[in-house]
Amino acid sequence: MMRFLSVVLFVFFSFTAHSNTLLVVGDSLSAGYQMPAEQSWPILLAPILEQHGHTMTVVNASISGDTTGNGLARLPKLLQQHNPDYVIIELGANDGLRGFAPSTIRNNLSQMITQIHATGAKALLMQIHVPPNYGKRYSEVFSSIYPQLSEQYNAPLLPFFLEEIILKQEWIMEDGLHPKPDAQPWIARFVAKKITPYL
């Protein structure tokens with residue numbers, strides 16, 4: 001009987017030790033814009049990570065239209081509620097499209113990373129770019145925020161998945177910005193490949 005209980009406890013604690021939570025805090029690019037939530041790439045991510053040997057509960061806390069300020073405001077409750085081991089920050093596109101000051105964007109992301117690290121979780125920052133029609137100077141300053149924060153806080157910088165698919169017209173909605181449902185499995189595989197070294 002004792003041997004049986006020992007085996008059960010070993011299996012239980014082994015599973016617990018290897019079962020982590022990944023929180024995705026993003027905007028419409030991750031929320032599954034104009035599609036059922038279950039088709040969004042974060043929801044498709046868990047089984048792909050499982051294939052790579054990582055048992056992961058993925059929580060998609062992305063909301064269409066969110067800015068870095070919105071993400072910062074929501075983050076404390078999300079961290080408390082889900083107690084994640086990893087947090088992907090996919091925010092900034094809406095800030096850029098609205099022409100927010102780079103200093104504001106930097107400050108919001110900086111606070112998010114700091115709060116995540118304070119809980120013992122690992123922040124994974126996704127690079128975001130804005131269209132060049134916003135002006136070369138603004139676009140360059142905006143884009144530079146992400147590698148600078150990545151280096152400052154030792155937070156892995158993930159490549160912007162939209163850059164990989166924006167020219168595939170069959171994968172982009174008519175607005176020219178949002179990936180269609182057909183693109184979501186590819187995005188999930190792309191993100192899984194990029195985050196696996198840090199898990």
# chains A, B, ... in the order shown; residues from 1 in each chain; ligands from 1

$ closest_atom_pairs --of "range 102-198 of chain A" --to "range 51-67 of chain A" --cutoff "12 Å" --atoms "only C-alpha atoms" --output "tab-separated table"
residue	atom	partner	partner_atom	distance
A:Thr104	CA	A:Thr67	CA	10.8
A:Ile105	CA	A:Thr67	CA	8.7
A:Arg106	CA	A:Thr67	CA	11.9
A:Asn108	CA	A:Thr67	CA	9.3
A:Leu109	CA	A:Thr67	CA	10.1
A:His178	CA	A:Ser64	CA	10.8
A:Ala188	CA	A:Val58	CA	11.6
A:Arg189	CA	A:His52	CA	10.7
A:Ala192	CA	A:His52	CA	8.5
A:Lys193	CA	A:His52	CA	8.9
A:Lys194	CA	A:His52	CA	11.8
A:Ile195	CA	A:His54	CA	10.9
A:Thr196	CA	A:His52	CA	7.7
A:Pro197	CA	A:His52	CA	10.4
A:Tyr198	CA	A:His54	CA	11.1

$ write_last_selection --atoms "all heavy atoms" --output "tab-separated table (two decimals), in the first residue's frame"
chain	number	residue	atom	x	y	z
A	104	THR	N	6.10	57.19	-22.90
A	104	THR	CA	4.95	56.60	-22.20
A	104	THR	C	4.90	55.10	-22.43
A	104	THR	O	4.67	54.32	-21.50
A	104	THR	CB	3.64	57.24	-22.69
A	104	THR	OG1	3.66	58.64	-22.40
A	104	THR	CG2	2.43	56.61	-22.01
A	105	ILE	N	5.11	54.70	-23.68
A	105	ILE	CA	5.09	53.28	-24.02
A	105	ILE	C	6.20	52.54	-23.28
A	105	ILE	O	5.98	51.48	-22.69
A	105	ILE	CB	5.26	53.10	-25.55
A	105	ILE	CG1	4.15	53.82	-26.30
A	105	ILE	CG2	5.28	51.61	-25.91
A	105	ILE	CD1	4.37	53.92	-27.80
A	106	ARG	N	7.39	53.13	-23.29
A	106	ARG	CA	8.53	52.53	-22.60
A	106	ARG	C	8.24	52.37	-21.10
A	106	ARG	O	8.52	51.33	-20.50
A	106	ARG	CB	9.77	53.40	-22.80
A	106	ARG	CG	11.03	52.81	-22.17
A	106	ARG	CD	12.13	53.89	-22.12
A	106	ARG	NE	12.38	54.44	-23.44
A	106	ARG	CZ	13.23	53.91	-24.31
A	106	ARG	NH1	13.89	52.81	-24.00
A	106	ARG	NH2	13.42	54.48	-25.48
A	108	ASN	N	5.34	52.20	-19.53
A	108	ASN	CA	4.30	51.19	-19.27
A	108	ASN	C	4.87	49.78	-19.38
A	108	ASN	O	4.61	48.92	-18.52
A	108	ASN	CB	3.14	51.35	-20.25
A	108	ASN	CG	2.33	52.62	-20.01
A	108	ASN	OD1	2.35	53.17	-18.91
A	108	ASN	ND2	1.62	53.07	-21.02
A	109	LEU	N	5.62	49.52	-20.43
A	109	LEU	CA	6.21	48.19	-20.62
A	109	LEU	C	7.22	47.89	-19.53
A	109	LEU	O	7.31	46.75	-19.04
A	109	LEU	CB	6.86	48.10	-22.00
A	109	LEU	CG	5.92	48.10	-23.20
A	109	LEU	CD1	6.71	48.17	-24.51
A	109	LEU	CD2	5.01	46.87	-23.20
A	178	HIS	N	-4.83	42.52	-39.55
A	178	HIS	CA	-5.11	41.39	-38.66
A	178	HIS	C	-5.04	40.04	-39.38
A	178	HIS	O	-5.59	39.89	-40.47
A	178	HIS	CB	-6.50	41.54	-38.02
A	178	HIS	CG	-6.59	42.70	-37.09
A	178	HIS	ND1	-7.05	43.93	-37.49
A	178	HIS	CD2	-6.26	42.81	-35.78
A	178	HIS	CE1	-7.01	44.76	-36.47
A	178	HIS	NE2	-6.54	44.11	-35.41
A	188	ALA	N	0.97	30.11	-34.02
A	188	ALA	CA	1.19	29.30	-32.82
A	188	ALA	C	2.49	28.50	-32.92
A	188	ALA	O	3.27	28.44	-31.96
A	188	ALA	CB	0.00	28.37	-32.59
A	189	ARG	N	2.74	27.92	-34.08
A	189	ARG	CA	3.98	27.15	-34.27
A	189	ARG	C	5.19	28.08	-34.22
A	189	ARG	O	6.24	27.73	-33.66
A	189	ARG	CB	3.93	26.39	-35.61
A	189	ARG	CG	2.94	25.25	-35.63
A	189	ARG	CD	3.13	24.36	-36.85
A	189	ARG	NE	2.90	25.06	-38.11
A	189	ARG	CZ	1.73	25.15	-38.71
A	189	ARG	NH1	0.65	24.58	-38.17
A	189	ARG	NH2	1.60	25.80	-39.86
A	192	ALA	N	5.73	29.14	-30.59
A	192	ALA	CA	6.23	27.98	-29.83
A	192	ALA	C	7.72	27.79	-30.06
A	192	ALA	O	8.50	27.55	-29.12
A	192	ALA	CB	5.45	26.73	-30.19
A	193	LYS	N	8.12	27.90	-31.30
A	193	LYS	CA	9.54	27.71	-31.66
A	193	LYS	C	10.41	28.78	-31.00
A	193	LYS	O	11.53	28.50	-30.55
A	193	LYS	CB	9.70	27.76	-33.18
A	193	LYS	CG	11.14	27.58	-33.66
A	193	LYS	CD	11.20	27.64	-35.18
A	193	LYS	CE	12.65	27.49	-35.68
A	193	LYS	NZ	12.72	27.56	-37.17
A	194	LYS	N	9.90	30.02	-30.95
A	194	LYS	CA	10.70	31.12	-30.43
A	194	LYS	C	10.78	31.13	-28.91
A	194	LYS	O	11.79	31.59	-28.35
A	194	LYS	CB	10.13	32.46	-30.92
A	194	LYS	CG	10.13	32.62	-32.44
A	194	LYS	CD	11.53	32.48	-33.02
A	194	LYS	CE	11.53	32.63	-34.53
A	194	LYS	NZ	12.87	32.46	-35.12
A	195	ILE	N	9.73	30.64	-28.23
A	195	ILE	CA	9.74	30.70	-26.76
A	195	ILE	C	10.33	29.44	-26.12
A	195	ILE	O	10.76	29.49	-24.97
A	195	ILE	CB	8.34	30.96	-26.18
A	195	ILE	CG1	7.41	29.76	-26.40
A	195	ILE	CG2	7.74	32.24	-26.75
A	195	ILE	CD1	6.07	29.91	-25.70
A	196	THR	N	10.36	28.34	-26.85
A	196	THR	CA	10.82	27.07	-26.27
A	196	THR	C	12.20	27.17	-25.61
A	196	THR	O	12.40	26.62	-24.53
A	196	THR	CB	10.83	25.96	-27.35
A	196	THR	OG1	9.48	25.69	-27.75
A	196	THR	CG2	11.44	24.68	-26.80
A	197	PRO	N	13.17	27.88	-26.21
A	197	PRO	CA	14.48	27.96	-25.55
A	197	PRO	C	14.45	28.62	-24.17
A	197	PRO	O	15.40	28.47	-23.38
A	197	PRO	CB	15.32	28.81	-26.53
A	197	PRO	CG	14.64	28.64	-27.85
A	197	PRO	CD	13.18	28.54	-27.53
A	198	TYR	N	13.38	29.37	-23.87
A	198	TYR	CA	13.33	30.11	-22.61
A	198	TYR	C	12.44	29.45	-21.56
A	198	TYR	O	12.30	29.98	-20.45
A	198	TYR	CB	12.82	31.54	-22.88
A	198	TYR	CG	13.61	32.25	-23.95
A	198	TYR	CD1	13.03	32.56	-25.17
A	198	TYR	CD2	14.94	32.57	-23.75
A	198	TYR	CE1	13.75	33.21	-26.16
A	198	TYR	CE2	15.68	33.23	-24.74
A	198	TYR	CZ	15.07	33.53	-25.95
A	198	TYR	OH	15.79	34.16	-26.92

$ residues_around --residues "Pro159 in chain A" --least-positions-apart "5" --cutoff "10 Å" --atoms "only C-alpha atoms" --output "list of chain:residue names"
A:Leu125, A:Met126, A:Gln127, A:Ile128, A:Glu164, A:Phe190, A:Val191, A:Lys194

$ write_last_selection --atoms "N, CA and C atoms" --output "PDB file, in the first residue's frame"
ATOM      1  N   LEU A 125       9.072  39.468 -23.986  1.00  0.00           N
ATOM      2  CA  LEU A 125       8.608  40.682 -24.653  1.00  0.00           C
ATOM      3  C   LEU A 125       8.611  40.501 -26.162  1.00  0.00           C
ATOM      4  N   MET A 126       7.463  40.739 -26.782  1.00  0.00           N
ATOM      5  CA  MET A 126       7.385  40.618 -28.236  1.00  0.00           C
ATOM      6  C   MET A 126       7.664  41.965 -28.904  1.00  0.00           C
ATOM      7  N   GLN A 127       8.572  41.950 -29.853  1.00  0.00           N
ATOM      8  CA  GLN A 127       8.876  43.136 -30.647  1.00  0.00           C
ATOM      9  C   GLN A 127       7.631  43.563 -31.424  1.00  0.00           C
ATOM     10  N   ILE A 128       7.372  44.860 -31.428  1.00  0.00           N
ATOM     11  CA  ILE A 128       6.262  45.417 -32.206  1.00  0.00           C
ATOM     12  C   ILE A 128       6.817  46.511 -33.111  1.00  0.00           C
ATOM     13  N   GLU A 164       6.158  38.312 -40.471  1.00  0.00           N
ATOM     14  CA  GLU A 164       6.361  37.094 -41.244  1.00  0.00           C
ATOM     15  C   GLU A 164       5.194  36.787 -42.179  1.00  0.00           C
ATOM     16  N   PHE A 190       5.065  29.255 -34.816  1.00  0.00           N
ATOM     17  CA  PHE A 190       6.150  30.236 -34.834  1.00  0.00           C
ATOM     18  C   PHE A 190       6.495  30.675 -33.414  1.00  0.00           C
ATOM     19  N   VAL A 191       5.472  31.026 -32.631  1.00  0.00           N
ATOM     20  CA  VAL A 191       5.703  31.478 -31.258  1.00  0.00           C
ATOM     21  C   VAL A 191       6.272  30.346 -30.406  1.00  0.00           C
ATOM     22  N   LYS A 194       9.898  30.017 -30.952  1.00  0.00           N
ATOM     23  CA  LYS A 194      10.698  31.122 -30.427  1.00  0.00           C
ATOM     24  C   LYS A 194      10.781  31.127 -28.906  1.00  0.00           C
TER      25      LYS A 194
END

$ residues_around --residues "Pro132 in chain A" --least-positions-apart "5" --cutoff "12 Å" --atoms "only C-alpha atoms" --output "PDB file with N, CA, C and O atoms, in the first residue's frame"
ATOM      1  N   GLY A  96       1.222  52.805 -30.840  1.00  0.00           N
ATOM      2  CA  GLY A  96       1.886  53.360 -32.014  1.00  0.00           C
ATOM      3  C   GLY A  96       0.913  53.936 -33.012  1.00  0.00           C
ATOM      4  O   GLY A  96       1.139  55.024 -33.564  1.00  0.00           O
ATOM      5  N   LEU A  97      -0.180  53.216 -33.256  1.00  0.00           N
ATOM      6  CA  LEU A  97      -1.173  53.680 -34.223  1.00  0.00           C
ATOM      7  C   LEU A  97      -1.845  54.980 -33.764  1.00  0.00           C
ATOM      8  O   LEU A  97      -2.339  55.742 -34.591  1.00  0.00           O
ATOM      9  N   ARG A 137      11.377  58.642 -38.191  1.00  0.00           N
ATOM     10  CA  ARG A 137      11.928  58.895 -36.856  1.00  0.00           C
ATOM     11  C   ARG A 137      11.065  58.225 -35.789  1.00  0.00           C
ATOM     12  O   ARG A 137      11.588  57.547 -34.895  1.00  0.00           O
ATOM     13  N   TYR A 138       9.756  58.430 -35.860  1.00  0.00           N
ATOM     14  CA  TYR A 138       8.867  57.837 -34.850  1.00  0.00           C
ATOM     15  C   TYR A 138       8.941  56.315 -34.911  1.00  0.00           C
ATOM     16  O   TYR A 138       9.031  55.647 -33.873  1.00  0.00           O
ATOM     17  N   SER A 139       8.926  55.762 -36.127  1.00  0.00           N
ATOM     18  CA  SER A 139       8.963  54.303 -36.289  1.00  0.00           C
ATOM     19  C   SER A 139      10.244  53.711 -35.694  1.00  0.00           C
ATOM     20  O   SER A 139      10.209  52.671 -35.029  1.00  0.00           O
ATOM     21  N   GLU A 140      11.368  54.388 -35.932  1.00  0.00           N
ATOM     22  CA  GLU A 140      12.646  53.881 -35.427  1.00  0.00           C
ATOM     23  C   GLU A 140      12.723  53.979 -33.906  1.00  0.00           C
ATOM     24  O   GLU A 140      13.176  53.036 -33.234  1.00  0.00           O
ATOM     25  N   VAL A 141      12.283  55.110 -33.358  1.00  0.00           N
ATOM     26  CA  VAL A 141      12.302  55.280 -31.900  1.00  0.00           C
ATOM     27  C   VAL A 141      11.358  54.261 -31.249  1.00  0.00           C
ATOM     28  O   VAL A 141      11.699  53.643 -30.236  1.00  0.00           O
ATOM     29  N   PHE A 142      10.186  54.089 -31.851  1.00  0.00           N
ATOM     30  CA  PHE A 142       9.209  53.127 -31.335  1.00  0.00           C
ATOM     31  C   PHE A 142       9.803  51.724 -31.315  1.00  0.00           C
ATOM     32  O   PHE A 142       9.764  51.023 -30.299  1.00  0.00           O
ATOM     33  N   SER A 143      10.342  51.294 -32.435  1.00  0.00           N
ATOM     34  CA  SER A 143      10.872  49.933 -32.543  1.00  0.00           C
ATOM     35  C   SER A 143      12.032  49.688 -31.586  1.00  0.00           C
ATOM     36  O   SER A 143      12.210  48.568 -31.089  1.00  0.00           O
TER      37      SER A 143
END

$ residues_around --residues "range 118-122 of chain A" --least-positions-apart "3" --cutoff "6 Å" --atoms "only C-alpha atoms" --output "PyMOL selection string"
chain A and resi 85-86+115

$ select_by_dssp --residues "range 68-184 of chain A" --states "strand (DSSP E)" --output "PyMOL selection string"
chain A and resi 86-90+122-126+157-158

$ residues_around --residues "His117 in chain A" --least-positions-apart "6" --cutoff "12 Å" --atoms "only C-alpha atoms" --output "ChimeraX atom specification"
/A:76,79,83-87,110-111,123-124,153-155

$ write_last_selection --atoms "all heavy atoms" --output "compact mmCIF listing (two decimals), in the first residue's frame"
# COMPACT_ATOMS: atom_id res chain seq x y z
N PRO A 76 -1.81 43.51 -12.59
CA PRO A 76 -1.76 43.02 -11.21
C PRO A 76 -2.82 41.96 -10.91
O PRO A 76 -2.52 40.94 -10.27
CB PRO A 76 -1.99 44.29 -10.38
CG PRO A 76 -1.46 45.39 -11.25
CD PRO A 76 -1.85 44.99 -12.65
N LEU A 79 -1.92 38.64 -12.69
CA LEU A 79 -0.83 37.93 -12.02
C LEU A 79 -1.33 37.24 -10.75
O LEU A 79 -0.94 36.10 -10.46
CB LEU A 79 0.30 38.90 -11.68
CG LEU A 79 1.07 39.49 -12.87
CD1 LEU A 79 2.07 40.54 -12.38
CD2 LEU A 79 1.78 38.40 -13.66
N ASN A 83 -1.27 33.39 -11.40
CA ASN A 83 0.05 33.02 -10.88
C ASN A 83 0.91 32.37 -11.96
O ASN A 83 1.39 31.24 -11.81
CB ASN A 83 -0.11 32.07 -9.69
CG ASN A 83 1.20 31.84 -8.95
OD1 ASN A 83 2.07 32.71 -8.93
ND2 ASN A 83 1.35 30.66 -8.36
N PRO A 84 1.14 33.06 -13.06
CA PRO A 84 1.85 32.45 -14.20
C PRO A 84 3.34 32.26 -13.94
O PRO A 84 3.94 32.94 -13.09
CB PRO A 84 1.63 33.46 -15.33
CG PRO A 84 1.53 34.78 -14.60
CD PRO A 84 0.80 34.47 -13.33
N ASP A 85 3.92 31.32 -14.68
CA ASP A 85 5.37 31.12 -14.65
C ASP A 85 6.03 31.95 -15.75
O ASP A 85 7.20 32.33 -15.62
CB ASP A 85 5.69 29.64 -14.86
CG ASP A 85 5.07 28.77 -13.78
OD1 ASP A 85 5.66 28.67 -12.70
OD2 ASP A 85 3.98 28.21 -14.02
N TYR A 86 5.27 32.19 -16.83
CA TYR A 86 5.77 32.96 -17.97
C TYR A 86 4.68 33.91 -18.43
O TYR A 86 3.49 33.57 -18.38
CB TYR A 86 6.16 32.05 -19.13
CG TYR A 86 7.13 30.95 -18.76
CD1 TYR A 86 6.67 29.69 -18.41
CD2 TYR A 86 8.50 31.19 -18.75
CE1 TYR A 86 7.55 28.68 -18.06
CE2 TYR A 86 9.39 30.19 -18.40
CZ TYR A 86 8.92 28.93 -18.05
OH TYR A 86 9.79 27.94 -17.71
N VAL A 87 5.07 35.08 -18.89
CA VAL A 87 4.11 36.06 -19.42
C VAL A 87 4.64 36.61 -20.74
O VAL A 87 5.74 37.17 -20.78
CB VAL A 87 3.86 37.22 -18.44
CG1 VAL A 87 2.82 38.18 -19.03
CG2 VAL A 87 3.41 36.72 -17.08
N SER A 110 7.99 48.90 -19.14
CA SER A 110 8.98 48.74 -18.08
C SER A 110 8.31 48.31 -16.77
O SER A 110 8.77 47.38 -16.09
CB SER A 110 9.74 50.05 -17.87
OG SER A 110 10.63 49.95 -16.78
N GLN A 111 7.20 48.97 -16.44
CA GLN A 111 6.48 48.62 -15.22
C GLN A 111 5.89 47.21 -15.30
O GLN A 111 5.89 46.47 -14.30
CB GLN A 111 5.37 49.63 -14.95
CG GLN A 111 5.86 51.00 -14.53
CD GLN A 111 4.72 51.89 -14.08
OE1 GLN A 111 4.01 51.60 -13.13
NE2 GLN A 111 4.51 52.99 -14.79
N ALA A 123 9.25 37.28 -17.93
CA ALA A 123 8.60 38.10 -18.95
C ALA A 123 9.24 37.84 -20.31
O ALA A 123 10.46 37.82 -20.43
CB ALA A 123 8.71 39.58 -18.60
N LEU A 124 8.40 37.62 -21.30
CA LEU A 124 8.84 37.44 -22.68
C LEU A 124 8.23 38.59 -23.48
O LEU A 124 7.02 38.69 -23.62
CB LEU A 124 8.38 36.09 -23.23
CG LEU A 124 8.79 34.86 -22.42
CD1 LEU A 124 8.05 33.63 -22.91
CD2 LEU A 124 10.29 34.64 -22.52
N TYR A 153 16.22 44.57 -18.82
CA TYR A 153 15.58 43.70 -17.82
C TYR A 153 15.85 42.21 -18.04
O TYR A 153 15.24 41.38 -17.38
CB TYR A 153 14.06 43.95 -17.83
CG TYR A 153 13.68 45.31 -17.32
CD1 TYR A 153 13.37 46.34 -18.21
CD2 TYR A 153 13.66 45.59 -15.96
CE1 TYR A 153 13.01 47.60 -17.75
CE2 TYR A 153 13.31 46.84 -15.49
CZ TYR A 153 13.00 47.85 -16.39
OH TYR A 153 12.66 49.09 -15.92
N ASN A 154 16.74 41.91 -18.97
CA ASN A 154 17.04 40.51 -19.27
C ASN A 154 15.75 39.74 -19.58
O ASN A 154 15.53 38.62 -19.07
CB ASN A 154 17.78 39.85 -18.10
CG ASN A 154 18.37 38.50 -18.47
OD1 ASN A 154 18.70 38.25 -19.64
ND2 ASN A 154 18.50 37.61 -17.51
N ALA A 155 14.91 40.35 -20.39
CA ALA A 155 13.65 39.73 -20.81
C ALA A 155 13.80 39.33 -22.27
O ALA A 155 14.03 40.18 -23.13
CB ALA A 155 12.49 40.72 -20.66

$ closest_residue --among "A:Asn20, A:Asn107, A:Asn133, A:Ser30" --to "Gln148 in chain A" --atoms "only C-alpha atoms"
A:Asn107

$ atom_distance --atom1 "CA of Gln184 in chain A" --atom2 "CA of Trp41 in chain A"
4.8 Å

$ closest_residue --among "A:Glu163, A:Met173, A:Pro147, A:Asp182" --to "Pro131 in chain A" --atoms "only C-alpha atoms"
A:Glu163

$ atom_distance --atom1 "CA of Pro179 in chain A" --atom2 "CA of Ala46 in chain A"
19.5 Å

$ closest_residue --among "A:Ile145, A:Leu177, A:Leu23, A:Ile165" --to "Gln80 in chain A" --atoms "only C-alpha atoms"
A:Leu23

$ atom_distance --atom1 "CA of Lys168 in chain A" --atom2 "CA of Lys180 in chain A"
10.6 Å

$ residues_around --residues "Gln39 in chain A" --least-positions-apart "4" --cutoff "7 Å" --atoms "only C-alpha atoms" --output "JSON, numbers by chain"
{"A": [32, 35, 43, 181, 184]}

$ closest_residue --among "A:Val24, A:Leu149, A:Ala31, A:Leu75" --to "Ile89 in chain A" --atoms "only C-alpha atoms"
A:Val24

$ closest_residue --among "A:Leu22, A:Met112, A:Leu44, A:Leu72" --to "Ile88 in chain A" --atoms "only C-alpha atoms"
A:Leu22

$ select_by_dssp --residues "chain A" --states "alpha helix (DSSP H)" --output "count of residues only"
104
